[in-house]
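Enquirer: Pasting my_file_39.cif below, which is mmCIF, C-alpha atoms and all ligand atoms.
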```cif
data_final
loop_
_atom_site.label_atom_id
_atom_site.label_comp_id
_atom_site.auth_asym_id
_atom_site.auth_seq_id
_atom_site.Cartn_x
_atom_site.Cartn_y
_atom_site.Cartn_z
CA MET A 1 -19.47 11.14 -17.04
CA SER A 2 -18.23 7.63 -16.42
CA VAL A 3 -20.10 4.44 -17.23
CA LEU A 4 -20.91 1.42 -15.08
CA VAL A 5 -20.76 -2.02 -16.65
CA VAL A 6 -22.82 -4.76 -14.96
CA ASP A 7 -24.00 -8.24 -15.74
CA GLY A 8 -27.43 -7.89 -17.35
CA ALA A 9 -29.05 -10.02 -14.62
CA LEU A 10 -28.20 -7.41 -11.96
CA ALA A 11 -29.75 -4.57 -13.96
CA GLU A 12 -33.05 -6.33 -14.74
CA GLY A 13 -36.03 -4.26 -13.69
CA LEU A 14 -33.94 -1.21 -12.82
CA ARG A 15 -34.67 2.17 -14.37
CA SER A 16 -32.44 2.62 -17.42
CA SER A 17 -29.70 5.21 -17.11
CA PRO A 18 -27.19 6.63 -19.60
CA CYS A 19 -24.54 5.56 -17.05
CA LEU A 20 -25.59 1.93 -16.85
CA VAL A 21 -24.32 -0.51 -19.46
CA PRO A 22 -25.71 -3.99 -18.78
CA VAL A 23 -24.00 -6.85 -20.62
CA ALA A 24 -26.86 -8.57 -22.39
CA ARG A 25 -26.85 -12.36 -22.56
CA PRO A 26 -26.52 -13.57 -26.13
CA SER A 27 -29.13 -16.15 -27.03
CA ARG A 28 -26.69 -18.66 -28.57
CA THR A 29 -23.10 -19.78 -28.22
CA TRP A 30 -21.22 -20.36 -31.42
CA ARG A 31 -19.41 -23.64 -31.86
CA GLY A 32 -16.05 -23.63 -30.09
CA GLY A 33 -16.42 -20.19 -28.53
CA SER A 34 -18.25 -18.11 -26.01
CA ALA A 35 -20.72 -15.56 -27.36
CA MET A 36 -20.86 -14.12 -23.82
CA ALA A 37 -17.12 -13.37 -23.81
CA ASP A 38 -17.51 -11.68 -27.21
CA ALA A 39 -20.35 -9.52 -25.88
CA ILE A 40 -18.35 -8.60 -22.76
CA VAL A 41 -15.24 -7.57 -24.73
CA ASP A 42 -17.42 -5.38 -27.00
CA VAL A 43 -19.00 -3.64 -24.01
CA LEU A 44 -15.70 -3.21 -22.11
CA GLU A 45 -13.99 -1.73 -25.15
CA GLY A 46 -16.72 0.91 -25.33
CA ALA A 47 -16.43 1.62 -21.58
CA ARG A 48 -12.70 2.40 -21.61
CA PRO A 49 -10.89 4.25 -20.18
CA ARG A 50 -13.04 5.50 -17.26
CA GLY A 51 -15.64 2.77 -17.01
CA VAL A 52 -16.13 0.91 -13.73
CA VAL A 53 -17.24 -2.72 -13.67
CA LEU A 54 -19.57 -3.82 -10.88
CA ALA A 55 -19.35 -7.59 -10.49
CA ARG A 56 -20.14 -10.20 -7.88
CA ALA A 57 -17.20 -12.14 -6.45
CA PRO A 58 -16.62 -15.33 -8.46
CA ARG A 59 -17.16 -17.55 -5.40
CA ALA A 60 -20.70 -16.19 -5.07
CA ASP A 61 -21.41 -16.73 -8.69
CA THR A 62 -21.86 -20.23 -9.99
CA ASP A 63 -22.73 -18.63 -13.31
CA THR A 64 -19.50 -18.91 -15.34
CA ASP A 65 -20.70 -16.35 -17.91
CA ALA A 66 -21.05 -13.74 -15.15
CA ALA A 67 -17.71 -14.74 -13.61
CA ILE A 68 -15.74 -13.91 -16.77
CA LEU A 69 -16.88 -10.25 -16.69
CA PRO A 70 -14.47 -9.19 -13.87
CA GLN A 71 -11.68 -11.36 -15.30
CA LEU A 72 -11.86 -9.72 -18.72
CA ALA A 73 -12.29 -6.25 -17.18
CA ARG A 74 -9.02 -6.59 -15.24
CA VAL A 75 -7.17 -7.73 -18.36
CA MET A 76 -8.55 -4.67 -20.17
CA ALA A 77 -7.38 -2.36 -17.32
CA LEU A 78 -10.82 -1.32 -16.08
CA GLU A 79 -11.56 -0.86 -12.38
CA VAL A 80 -13.64 -3.66 -10.88
CA VAL A 81 -15.71 -3.21 -7.72
CA ARG A 82 -16.56 -6.53 -6.07
CA LEU A 83 -20.21 -6.62 -5.12
CA PRO A 84 -21.59 -8.51 -2.08
CA ASP A 85 -23.01 -12.06 -2.29
CA ASP A 86 -26.62 -11.01 -1.76
CA VAL A 87 -28.30 -10.50 -5.15
CA GLY A 88 -30.99 -8.11 -3.84
CA LEU A 89 -28.34 -5.93 -2.20
CA CYS A 90 -26.31 -6.02 -5.44
CA ARG A 91 -29.28 -4.77 -7.45
CA TRP A 92 -29.82 -1.93 -4.98
CA LEU A 93 -26.11 -1.05 -5.21
CA VAL A 94 -26.28 -1.00 -9.02
CA ALA A 95 -29.33 1.32 -8.88
CA LEU A 96 -27.59 3.61 -6.37
CA ALA A 97 -24.35 3.59 -8.39
CA ALA A 98 -26.30 4.67 -11.48
CA VAL A 99 -27.80 7.62 -9.58
CA MET A 100 -24.37 8.66 -8.25
CA CYS A 101 -22.76 8.26 -11.66
CA GLN A 102 -25.43 10.31 -13.38
CA ALA A 103 -24.90 13.09 -10.81
CA ASP A 104 -21.20 13.05 -11.81
CA CYS A 105 -20.22 12.15 -8.26
CA PRO A 106 -16.45 12.71 -7.78
CA ASP A 107 -14.30 9.78 -6.58
CA LEU A 108 -17.03 7.41 -7.71
CA THR A 109 -14.89 4.25 -7.60
CA ARG A 110 -13.77 4.94 -4.04
CA ARG A 111 -17.34 5.56 -2.87
CA LEU A 112 -18.54 2.40 -4.59
CA GLN A 113 -15.77 0.41 -2.91
CA THR A 114 -17.10 1.54 0.49
CA LEU A 115 -20.71 0.85 -0.46
CA ALA A 116 -19.81 -2.67 -1.60
CA GLY A 117 -19.03 -3.42 2.07
CA VAL A 118 -22.17 -1.78 3.40
CA GLU A 119 -23.51 -5.04 4.91
CA ALA A 120 -20.77 -4.89 7.55
CA ALA A 121 -21.16 -1.18 8.29
CA GLY A 122 -23.95 -1.35 10.88
CA LEU A 123 -26.14 1.32 9.28
CA PRO A 124 -29.93 1.36 9.94
CA ARG A 125 -31.73 -0.85 7.40
CA ARG A 126 -34.94 -0.94 5.40
CA PRO A 127 -36.44 -3.43 2.94
CA TRP A 128 -36.02 -2.62 -0.78
CA GLY A 129 -37.30 -4.09 -4.04
CA TRP A 130 -39.66 -6.95 -4.80
CA ASP A 131 -37.60 -9.44 -2.79
CA GLY A 132 -37.30 -7.14 0.24
CA ALA A 133 -33.50 -6.89 0.23
CA SER A 134 -32.14 -5.37 3.44
CA VAL A 135 -30.47 -2.10 2.42
CA PRO A 136 -29.30 1.02 4.33
CA ALA A 137 -32.11 3.41 5.28
CA LEU A 138 -30.25 6.52 4.15
CA ARG A 139 -30.89 8.78 1.19
CA PRO A 140 -28.57 8.32 -1.82
CA ARG A 141 -26.96 11.74 -1.39
CA VAL A 142 -26.20 11.09 2.29
CA LEU A 143 -24.89 7.59 1.54
CA ALA A 144 -22.59 8.98 -1.13
CA ARG A 145 -21.09 11.41 1.40
CA TRP A 146 -20.85 8.71 4.08
CA ALA A 147 -19.10 6.40 1.62
CA TRP A 148 -16.40 8.97 0.93
CA HIS A 149 -15.65 9.41 4.67
CA ALA A 150 -15.84 5.68 5.52
CA TRP A 151 -13.35 4.57 2.84
CA LYS A 152 -10.13 3.00 4.15
CA PRO A 153 -7.17 2.05 1.94
CA CYS A 154 -6.18 -1.59 1.41
CA ALA A 155 -2.70 -2.72 2.48
CA ALA A 156 -2.31 -4.92 -0.59
CA CYS A 157 -3.60 -2.87 -3.54
CA PRO A 158 -4.51 0.73 -4.53
CA GLY A 159 -8.18 -0.01 -3.69
CA GLY A 160 -9.98 -0.15 -0.36
CA GLY A 161 -13.45 0.06 1.11
CA HIS A 162 -15.18 -0.15 4.47
CA GLU A 163 -12.85 -1.28 7.25
CA ALA A 164 -15.21 -4.03 8.42
CA ALA A 165 -15.41 -5.59 4.94
CA PRO A 166 -12.83 -7.20 2.64
CA CYS A 167 -11.13 -4.89 0.13
CA ALA A 168 -13.64 -4.21 -2.65
CA ARG A 169 -10.88 -4.28 -5.27
CA CYS A 170 -8.70 -7.31 -4.46
CA GLY A 171 -10.85 -9.11 -1.88
CA ARG A 172 -8.18 -9.12 0.82
CA ARG A 173 -9.62 -9.61 4.31
CA ARG A 174 -8.59 -6.98 6.86
ZN ZN B 1 -7.07 -4.52 -2.03
#
```
Would you mind writing the file's structure down as structure tokens?
Ligand SMILES: [Zn+2]

Expert:
Amino acid sequence: MSVLVVDGALAEGLRSSPCLVPVARPSRTWRGGSAMADAIVDVLEGARPRGVVLARAPRADTDTDAAILPQLARVMALEVVRLPDDVGLCRWLVALAAVMCQADCPDLTRRLQTLAGVEAAGLPRRPWGWDGASVPALRPRVLARWAWHAWKPCAACPGGGHEAAPCARCGRRR
């Protein structure tokens, strides 16, 4: 079983899962350093080698603490899946990813790369969560299968995703 590392803010209120490793926000920063970076390195070290990091694109995140998670993950050779801008949709994706991970879904990274572009996929939608995020109205098992079929490789990196969305690994527009 792999593990999914996410910024703690995206896992708030979600059911806990042995697959989900939220990076908790430290309460203080020590003089001259970042306690958040320390916490992230600790978590990423524990998640190697098969862990997958789910992180919002830095442009969508004005929160610098959250933005260093994908940067450090790449340096530590962990796969990063770029989540969409919409926070509600991100939280739904994290919950779905945890379910897929716990079911030991094969090719998890590839499926998550497709799902990260789900906004552009034109699937039927339904409201989800307390803020009524607009998410696909398909069951997790069906979505996982769809995501495998809908994955297209990226021309610039070994990643990919849905053809109507930017690459979920490097962000390249198609
Ligand atoms: Zn790419």

Enquirer: Per residue of region 4-103 of chain A within 10 Å of region 136-147 of chain A, which atom pair is closest and at what distance in Å (one decimal), using only C-alpha atoms, listed by chain and increasing number, as a Markdown table?

Expert:
```
| residue | atom | partner | partner_atom | distance |
| --- | --- | --- | --- | --- |
| A:Leu89 | CA | A:Pro136 | CA | 9.6 |
| A:Trp92 | CA | A:Pro136 | CA | 9.8 |
| A:Ala95 | CA | A:Pro140 | CA | 10.0 |
| A:Leu96 | CA | A:Pro140 | CA | 6.6 |
| A:Ala97 | CA | A:Pro140 | CA | 9.1 |
| A:Val99 | CA | A:Pro140 | CA | 7.8 |
| A:Met100 | CA | A:Ala144 | CA | 7.3 |
| A:Ala103 | CA | A:Arg141 | CA | 9.7 |
```

Enquirer: When you draw a straight line from CA of Ile40 (chain A) to CA of Leu4 (chain A), how long is it in Å?

Expert: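 Those two atoms sit 12.9 Å apart.
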
Enquirer: Could you give me the residues within 10 Å of ligand ZN 1 (chain B), counting all atoms listed in the file, as a list in words?

Expert: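 Answer in the requested format: Pro153, Cys154, Ala155, Ala156, Cys157, Pro158, Gly159, Gly160, Gly161, Pro166, Cys167, Ala168, Arg169, Cys170, Gly171, Arg172, Arg173 and Arg174 of chain A.
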
Enquirer: Residues of the last selection are to be written out with C-alpha atoms, as a JSON list (two decimals), in the coordinates of the input.

Expert:
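Result file is result_35.json:
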```json
[["chain", "number", "residue", "atom", "x", "y", "z"],
["A", 153, "PRO", "CA", -7.17, 2.05, 1.94],
["A", 154, "CYS", "CA", -6.18, -1.59, 1.41],
["A", 155, "ALA", "CA", -2.70, -2.72, 2.48],
["A", 156, "ALA", "CA", -2.31, -4.92, -0.59],
["A", 157, "CYS", "CA", -3.60, -2.87, -3.54],
["A", 158, "PRO", "CA", -4.51, 0.73, -4.53],
["A", 159, "GLY", "CA", -8.18, -0.01, -3.69],
["A", 160, "GLY", "CA", -9.98, -0.15, -0.36],
["A", 161, "GLY", "CA", -13.45, 0.06, 1.11],
["A", 166, "PRO", "CA", -12.83, -7.20, 2.64],
["A", 167, "CYS", "CA", -11.13, -4.89, 0.13],
["A", 168, "ALA", "CA", -13.64, -4.21, -2.65],
["A", 169, "ARG", "CA", -10.88, -4.28, -5.27],
["A", 170, "CYS", "CA", -8.70, -7.31, -4.46],
["A", 171, "GLY", "CA", -10.85, -9.11, -1.88],
["A", 172, "ARG", "CA", -8.18, -9.12, 0.82],
["A", 173, "ARG", "CA", -9.62, -9.61, 4.31],
["A", 174, "ARG", "CA", -8.59, -6.98, 6.86]]
```

Enquirer: What are the centre and edge lengths in Å, to one decimal, of the axis-aligned box around all listed atoms of region 104-123 of chain A with 8 Å added on each side, as lines of an AutoDock Vina configuration file?

Expert:
```
center_x = -20.0
center_y = 4.0
center_z = -0.5
size_x = 28.4
size_y = 34.1
size_z = 38.7
```

Enquirer: Extract, using only C-alpha atoms, all DNA, RNA and protein residues at most 8 Å from region 117-120 of chain A, discarding same-chain residues fewer than 2 positions from it, and format them as number ranges by chain.

Expert: A: 83-84, 113-115, 122-123, 135-136, 161-162, 164-166, 168

Enquirer: Between CA of Val75 (chain A) and CA of Met36 (chain A), what distance in Å does the model show, to one decimal?

Expert: 16.1 Å

Enquirer: My list of candidates is A:Val3, A:Arg48, A:Leu14, A:Gly8. Which is closest to Pro26 (chain A) when distances are computed with all atoms listed in the file?

Expert: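 Smallest separation from Pro26 (chain A) among the options: A:Gly8.
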
Enquirer: Find the spatial neighbours of Pro70 (chain A), counting all atoms listed in the file, within a cut-off of 12 Å - ignore same-chain residues fewer than 2 positions away - and output them as a VMD selection string.

Expert: chain A and resid 5 to 7 23 37 40 to 41 44 52 to 58 61 64 to 68 72 to 83 169 to 170

Enquirer: Please measure the separation of CA of Arg91 (chain A) and CA of Ala11 (chain A), giving the value in Å to one decimal.

Expert: 6.5 Å
